[in-house]
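Everything below belongs to input-v6.txt, which stores compact mmCIF, C-alpha atoms.
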```txt
# COMPACT_ATOMS: atom_id res chain seq x y z
CA MET A 1 -129.17 36.51 34.70
CA LYS A 2 -129.70 34.63 31.44
CA THR A 3 -125.98 33.86 31.27
CA ILE A 4 -126.03 32.42 34.81
CA LYS A 5 -128.98 30.18 33.90
CA MET A 6 -127.11 28.87 30.87
CA GLU A 7 -124.05 28.07 32.99
CA ILE A 8 -126.01 26.49 35.86
CA ALA A 9 -124.49 23.09 35.07
CA SER A 10 -120.99 24.36 35.87
CA VAL A 11 -122.22 26.00 39.07
CA ALA A 12 -123.94 22.77 40.10
CA GLY A 13 -120.76 20.81 39.38
CA PHE A 14 -118.68 23.01 41.68
CA LEU A 15 -121.38 22.84 44.37
CA LEU A 16 -121.42 19.05 44.14
CA PHE A 17 -117.66 18.95 44.58
CA GLY A 18 -118.03 21.26 47.59
CA VAL A 19 -120.56 18.87 49.15
CA PHE A 20 -118.06 16.02 48.91
CA LEU A 21 -115.33 18.13 50.46
CA TYR A 22 -117.61 19.16 53.34
CA ALA A 23 -119.07 15.69 53.97
CA GLY A 24 -115.70 13.93 53.93
CA ASP A 25 -115.76 10.41 55.36
CA ALA A 26 -119.46 10.68 56.27
CA ILE A 27 -120.36 9.52 52.76
CA ASN A 28 -117.44 7.15 52.34
CA PRO A 29 -118.68 4.05 50.45
CA PHE A 30 -117.57 1.78 53.29
CA GLN A 31 -119.72 3.86 55.66
CA ILE A 32 -122.91 4.05 53.59
CA GLY A 33 -122.77 0.54 52.11
CA LEU A 34 -123.58 -0.76 48.65
CA GLY A 35 -127.07 0.75 48.35
CA GLY A 36 -125.92 4.21 49.42
CA SER A 37 -122.88 3.99 47.16
CA LEU A 38 -125.05 3.18 44.16
CA GLY A 39 -127.19 6.23 44.94
CA VAL A 40 -124.16 8.51 45.27
CA LEU A 41 -122.72 7.03 42.09
CA ALA A 42 -125.95 7.87 40.24
CA VAL A 43 -125.85 11.46 41.49
CA LEU A 44 -122.20 11.80 40.49
CA PHE A 45 -122.84 10.31 37.07
CA LEU A 46 -125.79 12.63 36.37
CA GLY A 47 -123.96 15.70 37.68
CA MET A 48 -120.88 15.01 35.59
CA MET A 49 -123.05 14.24 32.57
CA TRP A 50 -124.80 17.61 32.97
CA CYS A 51 -121.42 19.35 32.97
CA ALA A 52 -120.34 17.28 29.97
CA PHE A 53 -123.33 18.53 27.97
CA SER A 54 -122.29 22.07 28.85
CA VAL A 55 -118.80 21.27 27.56
CA VAL A 56 -120.31 20.07 24.29
CA ARG A 57 -122.57 23.14 23.99
CA HIS A 58 -119.63 25.52 24.28
CA ALA A 59 -117.58 23.35 21.90
CA GLU A 60 -120.38 23.44 19.32
CA CYS A 61 -120.58 27.22 19.65
CA LEU A 62 -116.84 27.40 19.01
CA ALA A 63 -117.32 25.01 16.07
CA THR A 64 -119.86 27.41 14.57
CA LEU A 65 -117.66 30.44 15.16
CA LEU A 66 -114.42 28.87 13.95
CA GLY A 67 -115.77 26.47 11.30
CA GLU A 68 -114.57 22.99 10.41
CA PRO A 69 -112.36 21.15 11.17
CA TYR A 70 -111.51 23.35 14.17
CA GLY A 71 -114.93 22.93 15.75
CA THR A 72 -114.90 19.16 15.98
CA LEU A 73 -111.23 19.24 16.96
CA ILE A 74 -112.04 21.43 19.96
CA LEU A 75 -114.90 19.10 20.92
CA THR A 76 -112.66 16.04 20.57
CA LEU A 77 -109.83 17.53 22.63
CA ALA A 78 -112.27 18.60 25.36
CA VAL A 79 -113.79 15.11 25.59
CA ILE A 80 -110.40 13.40 25.51
CA GLY A 81 -109.35 15.75 28.31
CA ILE A 82 -112.20 14.27 30.35
CA GLU A 83 -111.03 10.77 29.42
CA VAL A 84 -107.44 11.41 30.51
CA ALA A 85 -108.66 12.96 33.78
CA LEU A 86 -110.93 10.02 34.60
CA ILE A 87 -108.38 7.33 33.74
CA SER A 88 -105.66 9.17 35.65
CA ALA A 89 -107.90 9.47 38.70
CA VAL A 90 -108.65 5.75 38.61
CA MET A 91 -104.95 4.90 38.27
CA LEU A 92 -104.08 7.11 41.25
CA SER A 93 -106.90 5.96 43.56
CA GLY A 94 -106.84 2.94 45.85
CA ASP A 95 -105.31 -0.34 44.75
CA ALA A 96 -103.42 -0.56 41.48
CA LYS A 97 -105.65 -1.47 38.53
CA PRO A 98 -103.20 -2.19 35.73
CA THR A 99 -105.84 -3.10 33.14
CA LEU A 100 -108.45 -0.37 33.67
CA ALA A 101 -106.80 2.15 31.33
CA ARG A 102 -106.67 -0.55 28.67
CA GLU A 103 -110.31 -1.51 29.21
CA THR A 104 -111.44 2.12 29.05
CA MET A 105 -109.52 2.85 25.85
CA PHE A 106 -110.77 -0.36 24.25
CA SER A 107 -114.31 0.59 25.29
CA VAL A 108 -113.86 4.00 23.65
CA PHE A 109 -112.78 2.24 20.46
CA MET A 110 -115.73 -0.14 20.44
CA ILE A 111 -118.30 2.49 21.38
CA VAL A 112 -117.00 4.99 18.82
CA LEU A 113 -116.04 2.79 15.86
CA ASN A 114 -118.99 0.40 16.19
CA GLY A 115 -121.70 1.90 18.41
CA LEU A 116 -121.60 5.55 17.33
CA VAL A 117 -120.51 4.98 13.74
CA GLY A 118 -123.15 2.26 13.43
CA LEU A 119 -125.94 4.47 14.77
CA CYS A 120 -124.85 7.44 12.64
CA LEU A 121 -124.83 5.37 9.45
CA LEU A 122 -128.05 3.55 10.34
CA LEU A 123 -130.13 6.60 11.34
CA GLY A 124 -128.63 8.82 8.66
CA GLY A 125 -129.06 6.14 6.00
CA LEU A 126 -132.68 5.45 6.91
CA ARG A 127 -133.46 9.16 6.71
CA HIS A 128 -131.37 10.17 3.67
CA ARG A 129 -130.70 6.78 1.93
CA ASN A 130 -127.09 7.44 0.82
CA GLN A 131 -124.89 9.99 2.60
CA THR A 132 -121.65 11.47 1.31
CA TYR A 133 -118.50 12.59 3.07
CA ASN A 134 -114.90 13.41 2.17
CA LEU A 135 -113.15 10.08 1.57
CA GLN A 136 -109.65 11.54 1.96
CA GLY A 137 -110.51 12.83 5.43
CA ALA A 138 -111.74 9.45 6.66
CA ASN A 139 -108.66 7.75 5.19
CA ALA A 140 -106.41 10.23 6.99
CA PHE A 141 -108.01 9.26 10.31
CA LEU A 142 -107.66 5.53 9.61
CA SER A 143 -104.06 5.80 8.39
CA VAL A 144 -103.05 7.12 11.83
CA LEU A 145 -105.49 5.07 13.88
CA ILE A 146 -104.56 1.61 12.61
CA PRO A 147 -100.79 1.58 13.34
CA LEU A 148 -101.13 3.36 16.67
CA ALA A 149 -103.86 0.95 17.82
CA ILE A 150 -101.69 -2.04 16.91
CA PHE A 151 -98.59 -0.53 18.58
CA ALA A 152 -100.40 0.20 21.85
CA LEU A 153 -103.02 -2.54 22.23
CA VAL A 154 -101.73 -5.58 20.29
CA LEU A 155 -97.92 -5.63 20.26
CA PRO A 156 -97.56 -5.71 24.08
CA ARG A 157 -99.60 -8.95 24.13
CA VAL A 158 -97.57 -10.81 21.49
CA THR A 159 -94.07 -9.69 22.49
CA HIS A 160 -92.08 -11.21 25.37
CA SER A 161 -90.07 -8.23 26.59
CA ALA A 162 -92.51 -7.77 29.52
CA PRO A 163 -94.94 -10.13 31.25
CA GLY A 164 -98.58 -10.35 30.17
CA GLY A 165 -99.83 -7.23 28.47
CA GLN A 166 -97.28 -4.92 30.07
CA LEU A 167 -94.79 -2.85 28.10
CA SER A 168 -91.06 -2.85 28.46
CA ASN A 169 -89.36 0.50 28.99
CA LEU A 170 -88.28 0.50 25.35
CA GLN A 171 -91.81 -0.25 24.13
CA ALA A 172 -93.33 2.38 26.41
CA GLY A 173 -90.89 5.03 25.21
CA PHE A 174 -91.51 4.06 21.59
CA ASP A 175 -95.31 4.25 22.03
CA VAL A 176 -95.12 7.66 23.70
CA ILE A 177 -92.91 9.10 20.96
CA MET A 178 -94.86 7.55 18.07
CA SER A 179 -98.22 8.61 19.50
CA VAL A 180 -97.14 12.21 20.03
CA VAL A 181 -95.31 12.50 16.70
CA LEU A 182 -98.02 10.92 14.54
CA TYR A 183 -100.81 12.80 16.28
CA GLY A 184 -98.85 16.03 15.88
CA VAL A 185 -98.39 15.38 12.15
CA PHE A 186 -102.09 14.54 11.88
CA LEU A 187 -103.06 17.82 13.58
CA ALA A 188 -100.90 19.72 11.09
CA ILE A 189 -102.70 17.96 8.23
CA GLN A 190 -106.13 18.56 9.80
CA THR A 191 -105.74 22.21 10.72
CA LYS A 192 -103.10 23.65 8.39
CA THR A 193 -102.11 22.06 5.12
CA HIS A 194 -105.11 19.85 4.24
CA SER A 195 -108.02 21.16 6.30
CA ASP A 196 -110.28 21.07 3.23
CA ILE A 197 -110.42 17.25 3.24
CA PHE A 198 -112.16 17.35 6.64
CA ARG A 199 -115.06 19.49 5.39
CA GLN A 200 -118.40 18.28 4.06
CA PRO A 201 -118.19 18.03 0.24
CA ASN A 202 -120.53 20.34 -1.65
CA ALA A 203 -121.38 22.18 1.57
CA SER A 204 -123.74 25.11 1.19
CA ASP A 205 -124.03 28.28 3.22
CA ASP A 206 -126.90 26.67 5.15
CA ASP A 207 -124.40 24.39 6.83
CA HIS A 208 -123.25 27.33 8.94
CA GLU A 209 -126.61 27.93 10.60
CA HIS A 210 -126.43 27.48 14.35
CA GLY A 211 -130.05 26.64 15.13
CA GLU A 212 -130.82 27.12 18.82
CA LEU A 213 -127.24 27.81 19.88
CA VAL A 214 -126.68 31.15 21.58
CA LEU A 215 -123.39 32.45 20.23
CA ARG A 216 -121.14 34.75 22.23
CA SER A 217 -117.50 35.67 21.77
CA ILE A 218 -114.75 33.07 21.32
CA PRO A 219 -113.12 33.93 24.70
CA PHE A 220 -116.50 33.55 26.44
CA HIS A 221 -117.03 30.05 25.09
CA VAL A 222 -113.42 29.03 25.81
CA VAL A 223 -113.82 30.08 29.45
CA GLY A 224 -117.25 28.44 29.62
CA LEU A 225 -115.87 25.18 28.23
CA LEU A 226 -113.05 25.11 30.77
CA ALA A 227 -115.42 26.02 33.61
CA ALA A 228 -117.67 23.08 32.70
CA LEU A 229 -114.70 20.74 32.26
CA LEU A 230 -113.07 21.52 35.62
CA PRO A 231 -115.86 20.06 37.84
CA ILE A 232 -115.70 16.84 35.83
CA ILE A 233 -111.97 16.59 36.49
CA LEU A 234 -112.41 17.40 40.19
CA LEU A 235 -115.20 14.82 40.60
CA SER A 236 -113.53 12.11 38.53
CA LYS A 237 -111.60 10.62 41.45
CA LYS A 238 -114.80 10.46 43.52
CA LEU A 239 -116.54 8.69 40.67
CA ALA A 240 -113.71 6.17 40.43
CA ILE A 241 -113.94 5.32 44.15
CA TYR A 242 -117.70 4.73 44.15
CA ALA A 243 -117.65 2.91 40.81
CA ASP A 244 -114.97 0.50 42.03
CA PHE A 245 -116.88 -0.19 45.24
CA ALA A 246 -120.18 -0.73 43.41
CA ILE A 247 -118.71 -2.98 40.71
CA GLU A 248 -116.97 -5.13 43.31
CA GLY A 249 -120.11 -5.19 45.48
CA ILE A 250 -122.39 -6.48 42.74
CA GLY A 251 -119.76 -8.83 41.32
CA ALA A 252 -119.64 -7.17 37.90
CA PRO A 253 -116.64 -7.66 35.58
CA LEU A 254 -113.85 -5.10 35.73
CA ALA A 255 -114.33 -4.39 32.01
CA LEU A 256 -117.77 -2.99 32.87
CA GLY A 257 -116.06 -0.20 34.79
CA GLY A 258 -114.12 0.78 31.69
CA PHE A 259 -117.30 0.62 29.65
CA LEU A 260 -119.18 2.93 32.06
CA VAL A 261 -116.34 5.45 32.13
CA ALA A 262 -116.16 5.43 28.33
CA ALA A 263 -119.94 5.84 28.08
CA LEU A 264 -119.81 8.86 30.39
CA ILE A 265 -117.04 10.38 28.32
CA LEU A 266 -118.63 9.80 24.94
CA MET A 267 -122.38 10.23 25.42
CA PRO A 268 -122.56 14.02 24.85
CA GLU A 269 -120.12 13.80 21.95
CA GLY A 270 -122.09 10.86 20.56
CA LEU A 271 -125.32 12.83 20.60
CA SER A 272 -123.59 15.59 18.67
CA ALA A 273 -122.44 13.06 16.05
CA LEU A 274 -125.93 11.53 15.78
CA GLN A 275 -127.51 14.96 15.33
CA SER A 276 -125.02 15.74 12.56
CA ALA A 277 -125.82 12.46 10.78
CA ARG A 278 -129.57 13.14 10.99
CA GLU A 279 -128.98 16.60 9.49
CA ASN A 280 -127.09 14.95 6.60
CA LYS A 281 -123.76 16.39 7.76
CA LEU A 282 -121.97 13.06 7.76
CA GLN A 283 -118.51 14.61 7.55
CA ARG A 284 -118.95 16.25 10.94
CA ALA A 285 -120.11 12.92 12.39
CA VAL A 286 -117.08 11.18 10.86
CA ASN A 287 -114.76 13.88 12.23
CA ILE A 288 -116.21 13.45 15.72
CA CYS A 289 -116.20 9.63 15.78
CA LEU A 290 -112.88 8.89 14.10
CA GLY A 291 -111.30 11.92 15.75
CA SER A 292 -112.18 10.54 19.18
CA ALA A 293 -110.61 7.19 18.36
CA VAL A 294 -107.40 8.80 17.05
CA ALA A 295 -107.15 11.16 20.03
CA THR A 296 -107.69 8.26 22.44
CA ILE A 297 -104.52 6.62 21.17
CA GLY A 298 -102.59 9.77 20.34
CA LEU A 299 -103.17 11.50 23.69
CA THR A 300 -104.43 9.00 26.28
CA VAL A 301 -101.74 6.35 25.74
CA PRO A 302 -98.82 8.78 26.31
CA ALA A 303 -100.60 10.24 29.36
CA VAL A 304 -101.21 6.90 31.10
CA LEU A 305 -97.71 5.63 30.27
CA VAL A 306 -96.13 8.76 31.73
CA ILE A 307 -98.31 8.48 34.87
CA SER A 308 -97.38 4.82 35.20
CA HIS A 309 -93.68 5.66 34.94
CA ILE A 310 -93.88 8.50 37.47
CA THR A 311 -95.97 6.61 40.06
CA GLY A 312 -94.42 3.19 39.53
CA GLU A 313 -97.88 1.65 39.10
CA PRO A 314 -97.87 -1.26 36.62
CA ILE A 315 -99.99 -0.89 33.50
CA GLU A 316 -101.13 -3.48 30.97
CA LEU A 317 -102.13 -2.22 27.53
CA GLY A 318 -101.97 -5.49 25.61
CA LEU A 319 -105.49 -6.79 24.96
CA GLU A 320 -106.59 -10.36 25.52
CA ILE A 321 -106.82 -12.55 22.42
CA ALA A 322 -110.62 -12.29 22.12
CA ASP A 323 -110.43 -8.50 22.31
CA ILE A 324 -107.63 -8.42 19.72
CA VAL A 325 -109.90 -10.35 17.35
CA LEU A 326 -112.69 -7.80 17.88
CA LEU A 327 -110.29 -4.88 17.45
CA VAL A 328 -108.80 -6.20 14.21
CA LEU A 329 -112.26 -7.09 12.87
CA THR A 330 -113.47 -3.57 13.71
CA LEU A 331 -110.52 -1.97 11.91
CA VAL A 332 -111.05 -4.16 8.84
CA VAL A 333 -114.78 -3.39 8.70
CA SER A 334 -114.00 0.32 9.15
CA ILE A 335 -111.65 0.20 6.16
CA VAL A 336 -114.43 -1.40 4.08
CA THR A 337 -117.03 1.09 5.34
CA PHE A 338 -114.93 4.12 4.47
CA ALA A 339 -113.68 2.78 1.13
CA ASN A 340 -116.40 4.60 -0.84
CA ARG A 341 -117.57 8.19 -0.89
CA SER A 342 -121.10 7.32 0.24
CA THR A 343 -122.59 5.13 2.99
CA ASN A 344 -125.91 3.43 3.67
CA TYR A 345 -127.72 1.86 6.61
CA LEU A 346 -126.45 -1.69 5.86
CA GLN A 347 -122.97 -0.62 6.93
CA GLY A 348 -124.47 0.87 10.08
CA ALA A 349 -126.16 -2.44 10.91
CA VAL A 350 -122.85 -4.31 10.51
CA HIS A 351 -121.06 -1.97 12.92
CA LEU A 352 -123.89 -2.30 15.45
CA ALA A 353 -123.59 -6.10 15.21
CA LEU A 354 -119.91 -5.81 16.15
CA PHE A 355 -120.84 -3.53 19.06
CA ALA A 356 -123.37 -6.09 20.29
CA ALA A 357 -120.67 -8.77 20.14
CA TYR A 358 -118.38 -6.57 22.24
CA VAL A 359 -121.04 -6.05 24.93
CA MET A 360 -121.75 -9.77 24.97
CA MET A 361 -118.05 -10.58 25.45
CA ILE A 362 -117.78 -8.27 28.47
CA PHE A 363 -120.04 -10.58 30.41
CA ASP A 364 -119.09 -13.87 28.72
CA LEU A 365 -115.38 -13.53 29.51
CA SER A 366 -116.15 -12.71 33.14
CA GLU A 367 -117.84 -16.03 33.80
```

Mind turning the file's structure into structure tokens?
Amino acid sequence: MKTIKMEIASVAGFLLFGVFLYAGDAINPFQIGLGGSLGVLAVLFLGMMWCAFSVVRHAECLATLLGEPYGTLILTLAVIGIEVALISAVMLSGDAKPTLARETMFSVFMIVLNGLVGLCLLLGGLRHRNQTYNLQGANAFLSVLIPLAIFALVLPRVTHSAPGGQLSNLQAGFDVIMSVVLYGVFLAIQTKTHSDIFRQPNASDDDHEHGELVLRSIPFHVVGLLAALLPIILLSKKLAIYADFAIEGIGAPLALGGFLVAALILMPEGLSALQSARENKLQRAVNICLGSAVATIGLTVPAVLVISHITGEPIELGLEIADIVLLVLTLVVSIVTFANRSTNYLQGAVHLALFAAYVMMIFDLSE
């Protein structure tokens, strides 16, 4: 009985999906109007968020059982699985939206590298003054992140082999291969040959305490994670339909849709990173934040390019000039932030300033 109560989020997710299957067109957004669609969207968002927290809980249990860096890697891969499912559902639903995958991935970058990193450094710095982490681990993340981000999000805008921000077949093939190869090499470094550089320096035995987590066997938590992830995948297409209708109905910019999807994906993972920073485990927070950004490029870009090729739907990954400026500025500031072995809350404030500029530009460019 206790186990069922702990997994109630997954049960609720499957029940919610069953309601949509049973109701069919009766709750179609065109039938219930804008007000009803906003209500359904809120229910969907909360239900999927509940399941997402269950995903994170099982991932954190696996992190405790397996240790670092495997724990944060499992959490990152689970969350990126949600991202790929949501973006794929949006690409396959309704009218073609060639820029939504780009907007969602860019939102993930800005939320992670500026919003989450900024909050982690600010809250952790205010509580512990200076926090330490493994410099080599952060540099490993950035060494993969920077070239892949430029390949996928900048080069398509400045080259002329395809119109606008689209990719030519040669560019698309190159991006898929480079993303998979570099991410594969990075995983080998992270999990096999150099896993020690992704662990908290001078970690004590207390770092392995699991607090209020209820630990079971590894197979139990793997099954529980997948059971919580599946309703999110099943409901993702429904979310995309209602989100598109609501955004168009209220006249909001398309980039806001990408921002909302990214926020849904990252909120549980972000809370885990913030908790780690507050507990003075900055390395785990760095692994979560930078790992999400690397996985977004290394896994999401190949997935959306393959889907685009199979379905024939056009896709634009090249950012607009203003977004390229923000991306490059974020990468430069990240290099400066992770150039020393300790951080403080000033660096957190700088990243949050960049995040505020990004949110402002969402609405400014839509005018």

Counting only C-alpha atoms, which of A:Gly298, A:Pro201, A:Gly291, A:Gly348 gets nearest to Asn139 (chain A)? A:Gly291

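When only C-alpha atoms are used to measure the gap to His221 (chain A), the shortest distance among A:Ala78, A:Leu62, A:Met6, A:Ala52 belongs to A:Leu62.
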
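As for CA of Gly164 (chain A) and CA of Ser308 (chain A), they are spaced 16.0 Å apart.
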
What's the 10 Å shell around Ser37 (chain A), counting only C-alpha atoms, without same-chain residues fewer than 5 positions away, as a PyMOL selection string? chain A and resi 27-32+42-43+241-243+245-246+249

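Take CA of Gly18 (chain A) and CA of Glu83 (chain A): the distance between them is 22.1 Å.
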
How big is the axis-aligned box, and where does its centre sit, when it encloses all atoms of region 218-237 of chain A listed in the file and has 5 Å added on every side, reported in Å to one decimal as AutoDock Vina command-line options?
```
--center_x -114.6 --center_y 22.3 --center_z 31.4 --size_x 16.1 --size_y 33.3 --size_z 30.1
```

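Straight-line separation from CA of Ser107 (chain A) to CA of Gln190 (chain A): 25.1 Å.
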
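Proximity to Leu256 (chain A) was assessed for A:Gly39, A:Ala152, A:Leu100, A:Leu327 counting all atoms listed in the file; the smallest distance is recorded for A:Leu100.
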
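Within 7 Å of the point (-120.3, 15.0, 45.1) in file coordinates, and counting all atoms listed in the file, lie the residues Leu16, Phe17, Val19, Phe20, Leu44 and Leu235 of chain A.
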
Nearest residue to Leu282 (chain A) out of A:Ala227, A:Leu75, A:Leu66, A:Leu119, using only C-alpha atoms? A:Leu119

Looking at all atoms listed in the file, which of A:Phe355, A:Pro98, A:Val158, A:Ile218 is the one that sits closest to Gly312 (chain A)? A:Pro98

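Minimum atom-to-atom distance to Phe198 (chain A), evaluated using all atoms listed in the file, belongs to A:Leu290 out of A:Leu148, A:Ala295, A:Leu215, A:Leu290.
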
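Close contacts of Asn287 (chain A), defined as residues with an atom at most 10 Å away when counting all atoms listed in the file, with chain neighbours fewer than 6 positions off set aside, comprise Glu68, Pro69, Gly71, Thr72, Leu73, Thr76, Tyr133, Gly137, Ala138, Phe141, Phe198, Arg199, Gln200, Ala273 and Ala293 of chain A.
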
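Residues with any atom within 10 Å of Ile335 (chain A), counting only C-alpha atoms and excluding same-chain neighbours fewer than 5 positions away, are A:Ala138, A:Asn139, A:Leu142, A:Ser143, A:Ile146, A:Leu329, A:Thr330, A:Asn340.
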
Residues within 12 Å of Ser217 (chain A), all atoms listed in the file, excluding chain neighbours under 3 positions, as a list in words: His58, Cys61, Leu62, Thr64, Leu65, Leu66, Val214, Phe220, His221, Val222, Val223 and Gly224 of chain A

Dump C-alpha atoms for the selected residues as a PDB file, keeping the file's coordinate frame?
```pdb
ATOM      1  CA  HIS A  58    -119.630  25.520  24.280  1.00  0.00           C
ATOM      2  CA  CYS A  61    -120.580  27.220  19.650  1.00  0.00           C
ATOM      3  CA  LEU A  62    -116.840  27.400  19.010  1.00  0.00           C
ATOM      4  CA  THR A  64    -119.860  27.410  14.570  1.00  0.00           C
ATOM      5  CA  LEU A  65    -117.660  30.440  15.160  1.00  0.00           C
ATOM      6  CA  LEU A  66    -114.420  28.870  13.950  1.00  0.00           C
ATOM      7  CA  VAL A 214    -126.680  31.150  21.580  1.00  0.00           C
ATOM      8  CA  PHE A 220    -116.500  33.550  26.440  1.00  0.00           C
ATOM      9  CA  HIS A 221    -117.030  30.050  25.090  1.00  0.00           C
ATOM     10  CA  VAL A 222    -113.420  29.030  25.810  1.00  0.00           C
ATOM     11  CA  VAL A 223    -113.820  30.080  29.450  1.00  0.00           C
ATOM     12  CA  GLY A 224    -117.250  28.440  29.620  1.00  0.00           C
TER      13      GLY A 224
END
```
